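Worksheet: one structure, shown below.
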Amino acid sequence: MELLWLAVLLLLPRPGCAQGEFTPQFHPTLQVVPLNSEIRIDGDLSDSGWEHAAVAANFSETNPGDQIKPPVESKALITYDRNKLYIALIAYDNPATIRASWSDRDNIFRDDYFGLMLDTYGDASWGYELFVNPFGIQGDLRMLANGNEEIGFDLVWESRGKVTDSGYQVEIAIPFSSLRFPNKPEQTWRANFWRDHQRDVRRRYAWAAQKRGESCFMCQWGTLTGIKDIRSSTNLDLLPAVVAYQSGALKDGDDPRSTFHNGDPDAELGLNARYGLSSNASLELAVNPDFSQVESDATQIDVNTADALFYEERRPFFQEGSDLYSMWVTTVHTRTIVNPAVATKFTAKVGRTNVGYFLARDDNGLVLIPREEGTFIGENTRKSTTQVLRGKRTFGDDSFVGAIFTDRRMEGDGNNTVMGGDLALRFTPHYRIQLLGLASRTTEGTDTLLTAGAGQRTIERGRHTLAYDGETYWGHAAKATVVRNGRTWNANISYFEYSPTFRADNGFITRNDRRWVESSQGLIFRPNRPGLRWIEFGLDAGRVWNFDNLRKDEWLVPVISLNTFGSTEFWINYLFSRELYRNIWFPGIRRLELGFDTRFSGKVSFGFEGNYGREIARGGQLITPVLGKGGRLEYYATMKPTSRLALEPQFEYSHLDFPDSSRNIYDVYVFRTRVNYQFTREWFLRLVIEHVNAREFDGVDSYSKDSYLTLEPLVSYKLNPFTIFYVGSAHNYWDQGKSGHYYRTSQHFFAKLQYLIRA
């Protein structure tokens with residue numbers, strides 16, 4: 001009985017302040033007045049222009065406290081002139097405990113940070129997030145209606161900050177030419193000022209208080225009024241770039257002792273141009289664009305997967321307006337455009353209607369063909385032309401109806417077209433429905449080189465061949481979901497189906513011939529005590545059938561997660577599953593997974609996650625799949641010995657044994673570390689080191705053994721997100737058979753100068 005009472009006491013909320021002591025403000029309104037003097041962005045708030053600025057105060061602690069008075073005070077000042085929006089952020093705090101570092105932009109989110117969230121159209125379809133750390137280092141994101149964020153989103157704006165005796169303060173200037181907003185004499189914008197205060201626990205404070213359980217986050221922001229007669233964004237942005245490079249590689253990639261050949265140095269010119277037709281519309285053109293990403297994608301372990309690997313889009317050209325193309329079925333994934341020679345894009349918003357279109361000519365289009373039990377990856381040796389047209393009309397609060405059309409045509413012959421629509425309806429503060437329907441039409445080409453390796457494999461149980469032989473077929477995809485968001489109970493239930501012939505060549509569909517139902521339920525309790533901030537109990541379940549109504553997969557996953565001392569989160573779950581794979585029924589799939597993440601210190605944060613149990617051996621050289629025993633472990637950390645030096649090691653290990661554990665099927669580990677030294681706000685030095693070690697059963701009685709080493713040094717100067725200069729290199733080494741001797745397989749030297757010209 002005593003233990004029962006103790007459990008009840010732990011789950012009871014911590015008493016807050018008495019009602020008379022603090023009153024949170026919901027949906028506050030702030031009248032912004034124009035600037036009557038000069039403001040210089042230098043972190044010093046003594047400029048006379050701040051004297052008559054509007055003041056946002058009375059912040060609430062939204063997490064872990066439930067709209068209570070924060071332990072420290074926050075204040076925001078805001079004013080404007082015809083060209084810019086000016087904001088001063090004042091964060092009161094003990095300066096000795098402030099977490100701040102000098103870093104590249106967008107790497108501030110483990111520091112203390114403060115900023116503005118802005119919905120200029122007021123329809124909760126998307127919003128700007130502009131944050132700064134105590135030194136004024138910027139972090140900007142785009143918030144989507146579903147609550148996700150795009151960290152690759154970038155704007156041009158100014159900021160400077162400094163730590164003071166009473167905390168820290170930052171000045172910000174945002175050019176109206178960097179924002180999109182309605183063409184009206186006076187603006188009415190949804191907005192919120194938001195502060196992250198990371199100490200013993202990660203506390204979050206907001207000017208506009210938030211009701212827990214409301215499914216629409218942006219709908220609860222405050223309102224800015226009084227911004228009048230600001231200039232529409234009709235500016236012309238030119239982004240010329242010159243790229244120089246030199247590469248070398250082994251003449252025979254399979255023979256480490258073959259001659260190493262260095263190519264001649266070369267250079268290319270490119271141009272990106274963006275014209276703001278109005279504050280609501282823009283047109284972009286990229287000619288011979290350099291879509292290099294400065295840093296290679298982190299290696300993913302793929303020895304036991306039949307699906308293609310997904311990589312996030314990080315190229316700036318495709319990120320403007322990318323929220324418009326985000327759908328519950330990944331119909332548009334711009335990483336399928338590998339090497340475009342020319343690309344153009346148009347985005348516009350008229351009232352509550354969004355329209356987006358882009359066209360790209362790709363020299364190396366990626367071929368992904370989904371199948372019932374995995375993805376076939378073809379060659380990317382043919383040129384292709386991609387077109388995507390998307391429209392969305394918002395209505396009510398956080399609801400919309402949309403349409404999509406995509407088309408990709410391979411040079412010579414072969415094309416894929418997808419068309420359809422989607423609907424999101426928020427019909428109560430807690431409930432919403434999501435509907436989607438897509439139809440695809442695929443006409444194969446006759447270039448068998450694109451599907452080399454397909455052999456005699458078929459799709460739709462023999463009705464069509466996998467190889468490109470000129471066939472034409474239609475397919476479809478559909479989704480229906482009901483979602484509940486509440487203070488304590490969150491839930492959803494979804495139905496999906498992908499027909500056996502559904503393809504989206506401009507998207508990312510790894511499997512088809514599937515119908516499935518899945519549901520998740522969660523109960524969250526928030527005691528908000530030092531040893532237990534919150535605890536959540538969840539249950540995920542699902543079942544999959546193919547289009548012959550043959551049961552393919554089913555699972556049940558109970559989950560427990562909690563937050564405790566030092567801003568530390570733990571989670572644990574256990575998978576119960578049964579699956580039909582390659583006509584073999586595997587009833588005993590079991591896997592325990594657990595992990596934690598902690599930010600107990602401004603100098604060190606780390607975490608790990610891992611699993612162990614029984615899973616199907618799908619990849620490699622096994623003729624017959626088996627239910628192996630093994631697991632995966634991933635460790636990651638961020639260490640900041642000084643305010644300018646950051647070390648980010650990552651380690652991932654995965655292995656699987658035969659059921660009797662007498663032999664190993666595979667084991668792979670990846671060690672990757674990123675070292676960054678920030679000399680100034682603009683200059684930094686970065687080194688990436690990655691080591692991959694792989695051992696895999698060859699299907700007979702021996703093992704393939706390989707080890708790879710990659711070094712990527714880089715020096716970069718970044719005046720703003722678009723005016724950049726960098727010089728770097730990449731060096732790749734291979735140890736065939738893990739003999740202990742590494743051979744150089746390739747190397748690349750490169751430099752880029754890109755400069756933003758804004759007229």
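As shown in the structure tokens, the chain order sets the letters A, B, ...; within each chain, residues go from 1, and ligands are also counted from 1 in the order they appear.
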Can you write out as a Markdown table which residues of region 23-135 of chain A fall within 12 Å of region 635-645 of chain A, alongside each residue's closest atom pair and its distance in Å to one decimal, counting only C-alpha atoms and ordering rows by chain and ascending residue number?
```
| residue | atom | partner | partner_atom | distance |
| --- | --- | --- | --- | --- |
| A:Ile98 | CA | A:Ser643 | CA | 11.6 |
| A:Arg99 | CA | A:Ser643 | CA | 9.2 |
| A:Ala100 | CA | A:Ser643 | CA | 7.0 |
| A:Ser101 | CA | A:Ser643 | CA | 4.4 |
| A:Trp102 | CA | A:Arg644 | CA | 5.0 |
| A:Ser103 | CA | A:Arg644 | CA | 6.6 |
| A:Asp104 | CA | A:Arg644 | CA | 9.9 |
| A:Asn107 | CA | A:Thr638 | CA | 11.2 |
| A:Ile108 | CA | A:Ser643 | CA | 11.7 |
| A:Phe109 | CA | A:Thr638 | CA | 11.7 |
| A:Arg110 | CA | A:Thr638 | CA | 9.2 |
| A:Asp111 | CA | A:Ser643 | CA | 10.6 |
| A:Pro134 | CA | A:Ser643 | CA | 11.8 |
| A:Phe135 | CA | A:Ser643 | CA | 10.7 |
```
Exercise. What lies within 12 Å of region 520-527 of chain A using only C-alpha atoms, ignoring chain neighbours under 6 positions off, as an MDAnalysis selection string?
Worked result: chainID A and resid 7:16 63:66 212:213 481:494 533:542 555:564
Need to verify the contact set: Arg274 (chain A), 10 Å, only C-alpha atoms, exclusion of same-chain residues closer than 6 positions in sequence. Can you return it as an mmCIF file with C-alpha atoms, in the first residue's frame?
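result-v4.cif was written with the following content:
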```
data_model
loop_
_atom_site.group_PDB
_atom_site.id
_atom_site.type_symbol
_atom_site.label_atom_id
_atom_site.label_comp_id
_atom_site.auth_asym_id
_atom_site.auth_seq_id
_atom_site.Cartn_x
_atom_site.Cartn_y
_atom_site.Cartn_z
ATOM 1 C CA THR A 234 10.801 42.843 -55.379
ATOM 2 C CA ASN A 235 14.560 42.536 -55.025
ATOM 3 C CA LEU A 236 16.841 40.674 -57.400
ATOM 4 C CA ASP A 237 19.299 38.259 -55.795
ATOM 5 C CA LEU A 238 22.237 37.110 -57.900
ATOM 6 C CA LEU A 239 24.432 34.332 -56.578
ATOM 7 C CA SER A 282 9.469 34.667 -56.390
ATOM 8 C CA LEU A 283 11.124 33.110 -59.417
ATOM 9 C CA GLU A 284 14.501 31.329 -59.252
ATOM 10 C CA LEU A 285 16.901 30.063 -61.874
ATOM 11 C CA ALA A 286 20.037 27.964 -61.386
ATOM 12 C CA THR A 344 14.108 26.757 -62.135
ATOM 13 C CA LYS A 345 11.531 27.278 -59.415
ATOM 14 C CA PHE A 346 8.447 29.425 -58.835
ATOM 15 C CA ARG A 758 21.137 41.833 -53.667
#
```
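Contact shell of Arg390 (chain A) at 9 Å (only C-alpha atoms; same-chain neighbours under 6 positions omitted): Leu324, Tyr325, Asn354, Val355, Gly356, Tyr357, Gly402, Ala403, Ile404, Phe405 and Thr406 of chain A.
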For this session: Find the spatial neighbours of Glu634 (chain A), counting only C-alpha atoms, within a cut-off of 12 Å - ignore same-chain residues fewer than 3 positions away - and output them as a list of chain:residue names.
Result: A:Gln300, A:Ile301, A:Glu593, A:Leu594, A:Gly595, A:Phe596, A:Asp597, A:Phe606, A:Gly607, A:Phe608, A:Glu609, A:Gly610, A:Asn611, A:Gly631, A:Ala637, A:Pro649, A:Gln650, A:Phe651, A:Glu652, A:Tyr653, A:Ser654, A:Val668, A:Tyr669, A:Val670, A:Phe671, A:Arg672
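Omitting region 698-709 of chain A and its sequence neighbours fewer than 6 positions away, and counting only C-alpha atoms, the residues within 8 Å are Gly620, Gln621, Leu622, Ile623, Ile689, Glu690, His691, Val692, Asn732, Tyr733, Trp734, Asp735, Gln736, Gly737, Lys738 and Tyr742 of chain A.
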Would you output that residue set with N, CA and C atoms, as a PDB file, in the first residue's frame?
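In the end it all went to out_27.pdb:
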```pdb
ATOM      1  N   GLY A 620      22.993  -9.256 -47.703  1.00  0.00           N
ATOM      2  CA  GLY A 620      24.181 -10.078 -47.834  1.00  0.00           C
ATOM      3  C   GLY A 620      24.010 -11.199 -48.841  1.00  0.00           C
ATOM      4  N   GLN A 621      24.777 -12.268 -48.638  1.00  0.00           N
ATOM      5  CA  GLN A 621      24.852 -13.354 -49.613  1.00  0.00           C
ATOM      6  C   GLN A 621      24.063 -14.594 -49.193  1.00  0.00           C
ATOM      7  N   LEU A 622      23.265 -14.503 -48.155  1.00  0.00           N
ATOM      8  CA  LEU A 622      22.499 -15.667 -47.723  1.00  0.00           C
ATOM      9  C   LEU A 622      21.461 -16.049 -48.773  1.00  0.00           C
ATOM     10  N   ILE A 623      21.459 -17.312 -49.167  1.00  0.00           N
ATOM     11  CA  ILE A 623      20.462 -17.777 -50.136  1.00  0.00           C
ATOM     12  C   ILE A 623      19.099 -17.872 -49.479  1.00  0.00           C
ATOM     13  N   ILE A 689      36.571  12.867 -39.649  1.00  0.00           N
ATOM     14  CA  ILE A 689      37.289  11.599 -39.762  1.00  0.00           C
ATOM     15  C   ILE A 689      36.260  10.478 -39.645  1.00  0.00           C
ATOM     16  N   GLU A 690      36.279   9.555 -40.598  1.00  0.00           N
ATOM     17  CA  GLU A 690      35.331   8.432 -40.550  1.00  0.00           C
ATOM     18  C   GLU A 690      36.061   7.131 -40.841  1.00  0.00           C
ATOM     19  N   HIS A 691      35.820   6.146 -39.989  1.00  0.00           N
ATOM     20  CA  HIS A 691      36.422   4.825 -40.155  1.00  0.00           C
ATOM     21  C   HIS A 691      35.307   3.788 -40.164  1.00  0.00           C
ATOM     22  N   VAL A 692      35.265   2.957 -41.211  1.00  0.00           N
ATOM     23  CA  VAL A 692      34.253   1.912 -41.358  1.00  0.00           C
ATOM     24  C   VAL A 692      34.959   0.565 -41.411  1.00  0.00           C
ATOM     25  N   ASN A 732      40.260   9.223 -49.368  1.00  0.00           N
ATOM     26  CA  ASN A 732      39.647   7.932 -49.098  1.00  0.00           C
ATOM     27  C   ASN A 732      40.687   6.820 -49.173  1.00  0.00           C
ATOM     28  N   TYR A 733      40.660   5.941 -48.164  1.00  0.00           N
ATOM     29  CA  TYR A 733      41.620   4.842 -48.068  1.00  0.00           C
ATOM     30  C   TYR A 733      40.864   3.533 -47.848  1.00  0.00           C
ATOM     31  N   TRP A 734      41.465   2.434 -48.345  1.00  0.00           N
ATOM     32  CA  TRP A 734      40.805   1.130 -48.290  1.00  0.00           C
ATOM     33  C   TRP A 734      41.806   0.082 -47.844  1.00  0.00           C
ATOM     34  N   ASP A 735      41.376  -0.748 -46.904  1.00  0.00           N
ATOM     35  CA  ASP A 735      42.176  -1.893 -46.458  1.00  0.00           C
ATOM     36  C   ASP A 735      41.399  -3.153 -46.819  1.00  0.00           C
ATOM     37  N   GLN A 736      41.713  -3.733 -47.968  1.00  0.00           N
ATOM     38  CA  GLN A 736      41.013  -4.936 -48.412  1.00  0.00           C
ATOM     39  C   GLN A 736      41.478  -6.136 -47.589  1.00  0.00           C
ATOM     40  N   GLY A 737      40.516  -6.840 -47.013  1.00  0.00           N
ATOM     41  CA  GLY A 737      40.851  -7.995 -46.192  1.00  0.00           C
ATOM     42  C   GLY A 737      41.328  -7.641 -44.803  1.00  0.00           C
ATOM     43  N   LYS A 738      41.284  -6.339 -44.444  1.00  0.00           N
ATOM     44  CA  LYS A 738      41.713  -5.867 -43.124  1.00  0.00           C
ATOM     45  C   LYS A 738      43.106  -6.385 -42.767  1.00  0.00           C
ATOM     46  N   TYR A 742      46.500   0.384 -45.386  1.00  0.00           N
ATOM     47  CA  TYR A 742      45.493   1.134 -46.120  1.00  0.00           C
ATOM     48  C   TYR A 742      46.071   1.673 -47.422  1.00  0.00           C
TER      49      TYR A 742
END
```
Seminar exercise, completed: For Ala56 (chain A), the closest of A:Val156, A:Ile337, A:Leu224, A:Ile41 counting only C-alpha atoms is A:Leu224
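Residue nearest Ile433 (chain A), chosen from A:Tyr495, A:Phe586, A:Tyr92, A:Phe722 and counting only C-alpha atoms: A:Tyr495.
Using only C-alpha atoms, the contacts of Glu444 (chain A) at a cut-off of 6 Å, with sequence neighbours closer than 2 positions omitted, comprise A:Gly414, A:Tyr468, A:Gly470, A:Glu471.
The closest residue to Ile230 (chain A), picked from A:Thr336, A:Arg352, A:Asp81, A:Thr330 and counting only C-alpha atoms, is A:Asp81.
Restricting the calculation to only C-alpha atoms, the smallest distance between Leu450 (chain A) and any of A:Thr417, A:Thr381, A:Thr386, A:Gln220 is found for A:Thr381.
Between CA of Thr97 (chain A) and CA of Gly167 (chain A) there is a distance of 9.2 Å.
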For this session: Work out how far CA of Gly728 (chain A) is from CA of Pro713 (chain A), in Å to one decimal.
Result: 5.6 Å
For this session: Using DSSP on the backbone coordinates, identify the residues of region 206-425 of chain A assigned to alpha helix (DSSP H); present them as a PyMOL selection string.
Result: chain A and resi 316-319+322-325
Please produce a file of the residues just selected, as a PDB file, in the first residue's frame, where the atoms kept are all heavy atoms.
```pdb
ATOM      1  N   PRO A 316      20.657  24.263 -50.586  1.00  0.00           N
ATOM      2  CA  PRO A 316      19.808  25.446 -50.359  1.00  0.00           C
ATOM      3  C   PRO A 316      18.768  25.677 -51.441  1.00  0.00           C
ATOM      4  O   PRO A 316      17.653  26.114 -51.140  1.00  0.00           O
ATOM      5  CB  PRO A 316      20.824  26.604 -50.310  1.00  0.00           C
ATOM      6  CG  PRO A 316      22.100  25.966 -49.888  1.00  0.00           C
ATOM      7  CD  PRO A 316      22.089  24.601 -50.506  1.00  0.00           C
ATOM      8  N   PHE A 317      19.084  25.398 -52.709  1.00  0.00           N
ATOM      9  CA  PHE A 317      18.150  25.700 -53.791  1.00  0.00           C
ATOM     10  C   PHE A 317      16.809  25.007 -53.577  1.00  0.00           C
ATOM     11  O   PHE A 317      15.746  25.564 -53.849  1.00  0.00           O
ATOM     12  CB  PHE A 317      18.748  25.277 -55.138  1.00  0.00           C
ATOM     13  CG  PHE A 317      17.821  25.507 -56.310  1.00  0.00           C
ATOM     14  CD1 PHE A 317      17.752  26.749 -56.915  1.00  0.00           C
ATOM     15  CD2 PHE A 317      17.023  24.482 -56.791  1.00  0.00           C
ATOM     16  CE1 PHE A 317      16.897  26.962 -57.991  1.00  0.00           C
ATOM     17  CE2 PHE A 317      16.165  24.682 -57.852  1.00  0.00           C
ATOM     18  CZ  PHE A 317      16.106  25.935 -58.466  1.00  0.00           C
ATOM     19  N   PHE A 318      16.841  23.762 -53.101  1.00  0.00           N
ATOM     20  CA  PHE A 318      15.617  22.988 -52.964  1.00  0.00           C
ATOM     21  C   PHE A 318      14.900  23.220 -51.633  1.00  0.00           C
ATOM     22  O   PHE A 318      13.824  22.683 -51.405  1.00  0.00           O
ATOM     23  CB  PHE A 318      15.914  21.498 -53.123  1.00  0.00           C
ATOM     24  CG  PHE A 318      16.278  21.109 -54.525  1.00  0.00           C
ATOM     25  CD1 PHE A 318      17.544  20.646 -54.830  1.00  0.00           C
ATOM     26  CD2 PHE A 318      15.353  21.211 -55.551  1.00  0.00           C
ATOM     27  CE1 PHE A 318      17.889  20.289 -56.121  1.00  0.00           C
ATOM     28  CE2 PHE A 318      15.678  20.859 -56.850  1.00  0.00           C
ATOM     29  CZ  PHE A 318      16.949  20.395 -57.138  1.00  0.00           C
ATOM     30  N   GLN A 319      15.493  24.016 -50.747  1.00  0.00           N
ATOM     31  CA  GLN A 319      14.875  24.174 -49.434  1.00  0.00           C
ATOM     32  C   GLN A 319      13.900  25.334 -49.363  1.00  0.00           C
ATOM     33  O   GLN A 319      13.020  25.345 -48.507  1.00  0.00           O
ATOM     34  CB  GLN A 319      15.964  24.313 -48.369  1.00  0.00           C
ATOM     35  CG  GLN A 319      16.703  23.003 -48.176  1.00  0.00           C
ATOM     36  CD  GLN A 319      17.749  23.061 -47.093  1.00  0.00           C
ATOM     37  OE1 GLN A 319      18.159  24.129 -46.677  1.00  0.00           O
ATOM     38  NE2 GLN A 319      18.196  21.915 -46.639  1.00  0.00           N
ATOM     39  N   SER A 322      10.210  24.286 -49.496  1.00  0.00           N
ATOM     40  CA  SER A 322      10.143  22.828 -49.417  1.00  0.00           C
ATOM     41  C   SER A 322       8.984  22.341 -48.552  1.00  0.00           C
ATOM     42  O   SER A 322       8.525  21.207 -48.699  1.00  0.00           O
ATOM     43  CB  SER A 322      11.458  22.263 -48.902  1.00  0.00           C
ATOM     44  OG  SER A 322      11.758  22.784 -47.619  1.00  0.00           O
ATOM     45  N   ASP A 323       8.500  23.198 -47.624  1.00  0.00           N
ATOM     46  CA  ASP A 323       7.352  22.807 -46.810  1.00  0.00           C
ATOM     47  C   ASP A 323       6.137  22.518 -47.666  1.00  0.00           C
ATOM     48  O   ASP A 323       5.291  21.686 -47.324  1.00  0.00           O
ATOM     49  CB  ASP A 323       7.018  23.917 -45.814  1.00  0.00           C
ATOM     50  CG  ASP A 323       6.666  25.221 -46.509  1.00  0.00           C
ATOM     51  OD1 ASP A 323       7.560  25.802 -47.163  1.00  0.00           O
ATOM     52  OD2 ASP A 323       5.501  25.648 -46.425  1.00  0.00           O
ATOM     53  N   LEU A 324       6.036  23.200 -48.804  1.00  0.00           N
ATOM     54  CA  LEU A 324       4.889  23.022 -49.687  1.00  0.00           C
ATOM     55  C   LEU A 324       4.845  21.612 -50.259  1.00  0.00           C
ATOM     56  O   LEU A 324       3.761  21.063 -50.508  1.00  0.00           O
ATOM     57  CB  LEU A 324       4.955  24.061 -50.808  1.00  0.00           C
ATOM     58  CG  LEU A 324       3.783  24.158 -51.771  1.00  0.00           C
ATOM     59  CD1 LEU A 324       2.495  24.473 -51.038  1.00  0.00           C
ATOM     60  CD2 LEU A 324       4.062  25.224 -52.821  1.00  0.00           C
ATOM     61  N   TYR A 325       6.015  21.011 -50.479  1.00  0.00           N
ATOM     62  CA  TYR A 325       6.080  19.698 -51.123  1.00  0.00           C
ATOM     63  C   TYR A 325       6.079  18.547 -50.123  1.00  0.00           C
ATOM     64  O   TYR A 325       6.090  17.383 -50.517  1.00  0.00           O
ATOM     65  CB  TYR A 325       7.335  19.626 -51.994  1.00  0.00           C
ATOM     66  CG  TYR A 325       7.403  20.729 -53.023  1.00  0.00           C
ATOM     67  CD1 TYR A 325       8.269  21.810 -52.866  1.00  0.00           C
ATOM     68  CD2 TYR A 325       6.578  20.717 -54.137  1.00  0.00           C
ATOM     69  CE1 TYR A 325       8.315  22.834 -53.797  1.00  0.00           C
ATOM     70  CE2 TYR A 325       6.614  21.738 -55.078  1.00  0.00           C
ATOM     71  CZ  TYR A 325       7.483  22.796 -54.897  1.00  0.00           C
ATOM     72  OH  TYR A 325       7.515  23.814 -55.816  1.00  0.00           O
TER      73      TYR A 325
END
```
Seminar exercise, completed: One residue among A:Val55, A:Ile151, A:Ala267, A:Val418 is nearest to Val332 (chain A) when using only C-alpha atoms, and that residue is A:Val418
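Ranking A:Ile589, A:Ala145, A:Leu118, A:Val132 by their shortest atom-to-atom distance to Gly222 (chain A), with only C-alpha atoms included, puts A:Leu118 first.
Taking CA of Phe260 (chain A) and CA of Thr745 (chain A) as endpoints, the distance between them is 7.7 Å.
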